[in-house]
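S.K.: Submitted below is the structure of interest, expressed as structure tokens.
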Amino acid sequence: MGNLQIVYLVLIFFAVTSGVFGIAAVFFRPRVAPERLKGKSIDSTEPAGGQWQATAVKLAEPVAKLMLPESGIEYSRLRTRFMNAGFRGRSAIPIYFAAKIGLTFLLPLLLATYVTFSDIKIESGMLMVYVLIAAGSGFVLPNLVLGQAVRLRQRELFEAFPDAIDLLVVCMEAGLGLDAAIVRAGEEMRVRSQELADELHLVNLELRVGATREQALRNLAMRTGLEDAASLATILIQADRFGTNVADALRVHADSQRVHRQMLAEEAAAKVPVKLVFPVVACIFPSLMLVMGGPPFISIYRNLFPALG
């Protein structure tokens with residue numbers, strides 16, 4: 001291995017390490033509720049990571065303007081998707097588009113540099129295909145990261161929502177109002193799910209600053225992107241509007257959510273035999289046939305074939 005290859009590998013190592021730490025610093029930032037308690041705004045343009053993140057945002061904004069959606073509807077949809085992933089800061093969207101543009105040019109550049117300084121011989125046509133594949137991969141990679149973050153967070157919220165509804169029922173049956181029950185349930189849910197506790201805390205903050213209960217609950221459904229949150233908001237809004245007993249409505253909703261979770265578990269259990277067919281056919285069945293049919297085939301090969309010959 002030549003000196004240029006060693007230098008190139010070292011540069012790749014530092015580039016990948018810096019990228020991983022940068023993504024971790026952006027996507028795995030501190031929780032929102034402690035920042036609220038410290039007096040910081042959720043939608044503050046100042047990143048929570050320090051001066052170097054503020055510098056990164058300033059550098060990313062001019063690059064991100066090349067791809068930022070012009071219409072307010074597309075921007076709102078993208079902002080909602082970031083909220084579903086738990087990224088509420090305004091700096092997340094510029095960093096996202098800057099990462100798409102940067103990776104689109106960085107990955108082909110790394111590939112071309114590696115091919116130039118290595119002994120690999122690639123035709124110009126195939127090299128162009130590889131460069132296009134690398135550019136497309138760099139453009140799609142932030143979408144995959146964002147989608148995975150949305151799925152993980154929604155999965156955590158989905159698993160914790162029935163517990164929160166049960167806590168709301170218990171608190172309201174103990175004599176608390178709906179607002180106080182939301183506060184108490186948010187405090188107790190920090191042991192079970194920090195994400196859901198932060199969402200309930202945001203609902204409480206919106207109610208404190210003067211937002212209506214309907215608006216706060218609909219914002220909760222929008223931030224989470226879950227059908228359970230939307231149905232919970234609808235039930236609470238209708239119970240508040242028509243003057244029915246909120247505790248009874250929540251109890252019925254909790255029972256329906258429990259049945260829904262049971263049906264999902266039964267559906268997942270019913271899919272297990274079908275999913276097991278592929279590893280059985282691909283891995284276990286050939287090994288079983290080799291063990292069972294190997295000795296007879298060897299005996300036939302040694303005894304029957306010479307006799308026939």
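In the structure tokens, chains take the letters A, B, ... in the order shown, each chain's residues start at 1, and ligands count up from 1 in the order shown.
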If we count only C-alpha atoms, what is near Leu127 (chain A) at a cut-off of 12 Å, once residues fewer than 2 positions away on the same chain are taken out, given as a ChimeraX atom specification?

M.R.: /A:108-109,111-116,120-125,129-134

S.K.: How about saving the chosen residues, N, CA and C atoms kept, as a PDB file, in the first residue's frame?

M.R.:
ATOM      1  N   PRO A 108     -19.331  11.346  -4.585  1.00  0.00           N
ATOM      2  CA  PRO A 108     -18.640  11.150  -5.870  1.00  0.00           C
ATOM      3  C   PRO A 108     -17.193  11.632  -5.853  1.00  0.00           C
ATOM      4  N   LEU A 109     -16.922  12.726  -5.112  1.00  0.00           N
ATOM      5  CA  LEU A 109     -15.547  13.205  -5.028  1.00  0.00           C
ATOM      6  C   LEU A 109     -14.648  12.189  -4.321  1.00  0.00           C
ATOM      7  N   LEU A 111     -15.188   8.961  -4.168  1.00  0.00           N
ATOM      8  CA  LEU A 111     -15.052   7.814  -5.057  1.00  0.00           C
ATOM      9  C   LEU A 111     -14.040   8.090  -6.171  1.00  0.00           C
ATOM     10  N   ALA A 112     -14.121   9.276  -6.759  1.00  0.00           N
ATOM     11  CA  ALA A 112     -13.172   9.606  -7.828  1.00  0.00           C
ATOM     12  C   ALA A 112     -11.746   9.697  -7.294  1.00  0.00           C
ATOM     13  N   THR A 113     -11.582  10.237  -6.099  1.00  0.00           N
ATOM     14  CA  THR A 113     -10.237  10.319  -5.507  1.00  0.00           C
ATOM     15  C   THR A 113      -9.676   8.937  -5.208  1.00  0.00           C
ATOM     16  N   TYR A 114     -10.523   8.046  -4.706  1.00  0.00           N
ATOM     17  CA  TYR A 114     -10.063   6.694  -4.408  1.00  0.00           C
ATOM     18  C   TYR A 114      -9.659   5.947  -5.676  1.00  0.00           C
ATOM     19  N   VAL A 115     -10.465   6.091  -6.726  1.00  0.00           N
ATOM     20  CA  VAL A 115     -10.125   5.420  -7.983  1.00  0.00           C
ATOM     21  C   VAL A 115      -8.842   6.004  -8.580  1.00  0.00           C
ATOM     22  N   THR A 116      -8.626   7.306  -8.408  1.00  0.00           N
ATOM     23  CA  THR A 116      -7.443   7.946  -8.972  1.00  0.00           C
ATOM     24  C   THR A 116      -6.162   7.466  -8.290  1.00  0.00           C
ATOM     25  N   ILE A 120      -7.075   0.359  -8.959  1.00  0.00           N
ATOM     26  CA  ILE A 120      -8.275  -0.189  -9.584  1.00  0.00           C
ATOM     27  C   ILE A 120      -8.414   0.412 -10.994  1.00  0.00           C
ATOM     28  N   LYS A 121      -8.677  -0.455 -11.944  1.00  0.00           N
ATOM     29  CA  LYS A 121      -8.859  -0.027 -13.333  1.00  0.00           C
ATOM     30  C   LYS A 121     -10.346  -0.121 -13.679  1.00  0.00           C
ATOM     31  N   ILE A 122     -10.964   1.020 -13.895  1.00  0.00           N
ATOM     32  CA  ILE A 122     -12.385   1.083 -14.237  1.00  0.00           C
ATOM     33  C   ILE A 122     -12.541   1.887 -15.524  1.00  0.00           C
ATOM     34  N   GLU A 123     -13.375   1.379 -16.411  1.00  0.00           N
ATOM     35  CA  GLU A 123     -13.640   2.101 -17.645  1.00  0.00           C
ATOM     36  C   GLU A 123     -14.374   3.407 -17.357  1.00  0.00           C
ATOM     37  N   SER A 124     -14.233   4.314 -18.276  1.00  0.00           N
ATOM     38  CA  SER A 124     -14.824   5.639 -18.060  1.00  0.00           C
ATOM     39  C   SER A 124     -16.341   5.580 -17.968  1.00  0.00           C
ATOM     40  N   GLY A 125     -16.968   4.702 -18.772  1.00  0.00           N
ATOM     41  CA  GLY A 125     -18.421   4.578 -18.716  1.00  0.00           C
ATOM     42  C   GLY A 125     -18.897   4.034 -17.381  1.00  0.00           C
ATOM     43  N   VAL A 129     -21.095   5.723 -14.169  1.00  0.00           N
ATOM     44  CA  VAL A 129     -22.250   5.085 -13.528  1.00  0.00           C
ATOM     45  C   VAL A 129     -22.058   5.044 -12.017  1.00  0.00           C
ATOM     46  N   TYR A 130     -20.845   4.673 -11.575  1.00  0.00           N
ATOM     47  CA  TYR A 130     -20.572   4.623 -10.134  1.00  0.00           C
ATOM     48  C   TYR A 130     -20.669   6.014  -9.503  1.00  0.00           C
ATOM     49  N   VAL A 131     -20.207   7.019 -10.216  1.00  0.00           N
ATOM     50  CA  VAL A 131     -20.292   8.387  -9.693  1.00  0.00           C
ATOM     51  C   VAL A 131     -21.745   8.820  -9.553  1.00  0.00           C
ATOM     52  N   LEU A 132     -22.578   8.491 -10.541  1.00  0.00           N
ATOM     53  CA  LEU A 132     -23.995   8.833 -10.449  1.00  0.00           C
ATOM     54  C   LEU A 132     -24.682   8.087  -9.305  1.00  0.00           C
ATOM     55  N   ILE A 133     -24.304   6.819  -9.114  1.00  0.00           N
ATOM     56  CA  ILE A 133     -24.875   6.058  -8.002  1.00  0.00           C
ATOM     57  C   ILE A 133     -24.464   6.673  -6.665  1.00  0.00           C
ATOM     58  N   ALA A 134     -23.192   7.076  -6.555  1.00  0.00           N
ATOM     59  CA  ALA A 134     -22.726   7.707  -5.315  1.00  0.00           C
ATOM     60  C   ALA A 134     -23.444   9.034  -5.073  1.00  0.00           C
TER      61      ALA A 134
END

S.K.: Between CA of Gly293 (chain A) and CA of Pro306 (chain A), what is the distance, to one decimal in Å?

M.R.: 19.6 Å

S.K.: Would you return as number ranges by chain the members of region 167-268 of chain A that DSSP assigns to alpha helix (DSSP H) on this structure's backbone?

M.R.: A: 167-173, 178-188, 194-208, 213-224, 227-242, 246-268

S.K.: Write a file of the just-selected residues containing C-alpha atoms, as a PDB file, in the first residue's frame.

M.R.:
ATOM      1  CA  LEU A 167     -52.961   7.617  33.748  1.00  0.00           C
ATOM      2  CA  LEU A 168     -55.367  10.281  32.510  1.00  0.00           C
ATOM      3  CA  VAL A 169     -58.321   8.077  33.497  1.00  0.00           C
ATOM      4  CA  VAL A 170     -56.895   7.457  36.966  1.00  0.00           C
ATOM      5  CA  CYS A 171     -56.122  11.144  37.527  1.00  0.00           C
ATOM      6  CA  MET A 172     -59.561  12.315  36.411  1.00  0.00           C
ATOM      7  CA  GLU A 173     -61.328   9.690  38.499  1.00  0.00           C
ATOM      8  CA  LEU A 178     -58.308  17.585  32.400  1.00  0.00           C
ATOM      9  CA  ASP A 179     -55.523  20.186  32.391  1.00  0.00           C
ATOM     10  CA  ALA A 180     -54.196  19.065  35.766  1.00  0.00           C
ATOM     11  CA  ALA A 181     -54.502  15.422  34.684  1.00  0.00           C
ATOM     12  CA  ILE A 182     -52.386  16.137  31.590  1.00  0.00           C
ATOM     13  CA  VAL A 183     -49.724  17.771  33.772  1.00  0.00           C
ATOM     14  CA  ARG A 184     -49.704  14.864  36.214  1.00  0.00           C
ATOM     15  CA  ALA A 185     -49.668  12.245  33.468  1.00  0.00           C
ATOM     16  CA  GLY A 186     -46.755  14.022  31.795  1.00  0.00           C
ATOM     17  CA  GLU A 187     -44.769  13.976  35.019  1.00  0.00           C
ATOM     18  CA  GLU A 188     -45.431  10.281  35.619  1.00  0.00           C
ATOM     19  CA  GLN A 194     -39.419  10.807  27.754  1.00  0.00           C
ATOM     20  CA  GLU A 195     -40.717  11.704  24.290  1.00  0.00           C
ATOM     21  CA  LEU A 196     -44.379  11.430  25.280  1.00  0.00           C
ATOM     22  CA  ALA A 197     -43.693  13.283  28.523  1.00  0.00           C
ATOM     23  CA  ASP A 198     -42.199  16.148  26.490  1.00  0.00           C
ATOM     24  CA  GLU A 199     -45.252  16.215  24.220  1.00  0.00           C
ATOM     25  CA  LEU A 200     -47.649  16.378  27.161  1.00  0.00           C
ATOM     26  CA  HIS A 201     -45.478  19.090  28.692  1.00  0.00           C
ATOM     27  CA  LEU A 202     -45.767  21.093  25.462  1.00  0.00           C
ATOM     28  CA  VAL A 203     -49.554  20.715  25.615  1.00  0.00           C
ATOM     29  CA  ASN A 204     -49.456  22.111  29.150  1.00  0.00           C
ATOM     30  CA  LEU A 205     -47.270  25.023  28.046  1.00  0.00           C
ATOM     31  CA  GLU A 206     -49.633  25.877  25.180  1.00  0.00           C
ATOM     32  CA  LEU A 207     -52.565  25.886  27.582  1.00  0.00           C
ATOM     33  CA  ARG A 208     -50.657  28.181  29.934  1.00  0.00           C
ATOM     34  CA  ARG A 213     -57.685  23.140  24.575  1.00  0.00           C
ATOM     35  CA  GLU A 214     -58.821  22.150  21.080  1.00  0.00           C
ATOM     36  CA  GLN A 215     -55.859  23.878  19.449  1.00  0.00           C
ATOM     37  CA  ALA A 216     -53.375  22.364  21.916  1.00  0.00           C
ATOM     38  CA  LEU A 217     -54.714  18.847  21.386  1.00  0.00           C
ATOM     39  CA  ARG A 218     -54.696  19.193  17.595  1.00  0.00           C
ATOM     40  CA  ASN A 219     -51.114  20.455  17.777  1.00  0.00           C
ATOM     41  CA  LEU A 220     -50.267  17.338  19.790  1.00  0.00           C
ATOM     42  CA  ALA A 221     -51.708  15.145  17.038  1.00  0.00           C
ATOM     43  CA  MET A 222     -49.795  17.109  14.384  1.00  0.00           C
ATOM     44  CA  ARG A 223     -46.450  16.910  16.225  1.00  0.00           C
ATOM     45  CA  THR A 224     -46.681  13.174  16.832  1.00  0.00           C
ATOM     46  CA  GLU A 227     -53.638   8.117  14.650  1.00  0.00           C
ATOM     47  CA  ASP A 228     -53.897   7.382  18.370  1.00  0.00           C
ATOM     48  CA  ALA A 229     -53.060  10.991  19.206  1.00  0.00           C
ATOM     49  CA  ALA A 230     -55.551  12.267  16.616  1.00  0.00           C
ATOM     50  CA  SER A 231     -58.333  10.018  17.960  1.00  0.00           C
ATOM     51  CA  LEU A 232     -57.514  11.047  21.546  1.00  0.00           C
ATOM     52  CA  ALA A 233     -57.681  14.717  20.564  1.00  0.00           C
ATOM     53  CA  THR A 234     -61.009  14.169  18.796  1.00  0.00           C
ATOM     54  CA  ILE A 235     -62.533  12.386  21.792  1.00  0.00           C
ATOM     55  CA  LEU A 236     -61.406  15.031  24.272  1.00  0.00           C
ATOM     56  CA  ILE A 237     -62.595  17.874  22.035  1.00  0.00           C
ATOM     57  CA  GLN A 238     -66.032  16.276  21.535  1.00  0.00           C
ATOM     58  CA  ALA A 239     -66.385  15.480  25.244  1.00  0.00           C
ATOM     59  CA  ASP A 240     -65.484  19.076  26.112  1.00  0.00           C
ATOM     60  CA  ARG A 241     -67.795  20.496  23.446  1.00  0.00           C
ATOM     61  CA  PHE A 242     -70.868  18.408  24.294  1.00  0.00           C
ATOM     62  CA  VAL A 246     -64.402  13.012  30.023  1.00  0.00           C
ATOM     63  CA  ALA A 247     -63.339  10.157  32.324  1.00  0.00           C
ATOM     64  CA  ASP A 248     -65.940   7.801  30.834  1.00  0.00           C
ATOM     65  CA  ALA A 249     -64.934   8.791  27.310  1.00  0.00           C
ATOM     66  CA  LEU A 250     -61.278   8.182  28.124  1.00  0.00           C
ATOM     67  CA  ARG A 251     -62.082   4.818  29.690  1.00  0.00           C
ATOM     68  CA  VAL A 252     -63.938   3.693  26.562  1.00  0.00           C
ATOM     69  CA  HIS A 253     -61.102   4.998  24.394  1.00  0.00           C
ATOM     70  CA  ALA A 254     -58.526   3.173  26.532  1.00  0.00           C
ATOM     71  CA  ASP A 255     -60.470  -0.082  26.128  1.00  0.00           C
ATOM     72  CA  SER A 256     -60.635   0.388  22.351  1.00  0.00           C
ATOM     73  CA  GLN A 257     -56.917   1.147  22.209  1.00  0.00           C
ATOM     74  CA  ARG A 258     -56.193  -1.964  24.251  1.00  0.00           C
ATOM     75  CA  VAL A 259     -58.258  -4.064  21.838  1.00  0.00           C
ATOM     76  CA  HIS A 260     -56.469  -2.415  18.915  1.00  0.00           C
ATOM     77  CA  ARG A 261     -53.066  -3.262  20.368  1.00  0.00           C
ATOM     78  CA  GLN A 262     -54.208  -6.840  20.949  1.00  0.00           C
ATOM     79  CA  MET A 263     -55.322  -7.125  17.338  1.00  0.00           C
ATOM     80  CA  LEU A 264     -51.972  -5.774  16.153  1.00  0.00           C
ATOM     81  CA  ALA A 265     -50.178  -8.332  18.318  1.00  0.00           C
ATOM     82  CA  GLU A 266     -52.331 -11.134  16.891  1.00  0.00           C
ATOM     83  CA  GLU A 267     -51.635  -9.873  13.371  1.00  0.00           C
ATOM     84  CA  ALA A 268     -47.889  -9.871  14.039  1.00  0.00           C
TER      85      ALA A 268
END

S.K.: In Å, with one decimal, what is the gap from CA of Ala135 (chain A) to CA of Leu107 (chain A)?

M.R.: 6.2 Å

S.K.: For CA of Leu157 (chain A) and CA of Arg79 (chain A), determine how far apart the two atoms are, in Å to one decimal place.

M.R.: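 Spanning CA of Leu157 (chain A) to CA of Arg79 (chain A) is a straight-line distance of 18.9 Å.
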
S.K.: Find the residue from A:Pro142, A:Met189, A:Leu110, A:Ser287 that sits nearest to Ala92 (chain A); use only C-alpha atoms when measuring.

M.R.: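 Using only C-alpha atoms, Ala92 (chain A) sits closest to A:Pro142.
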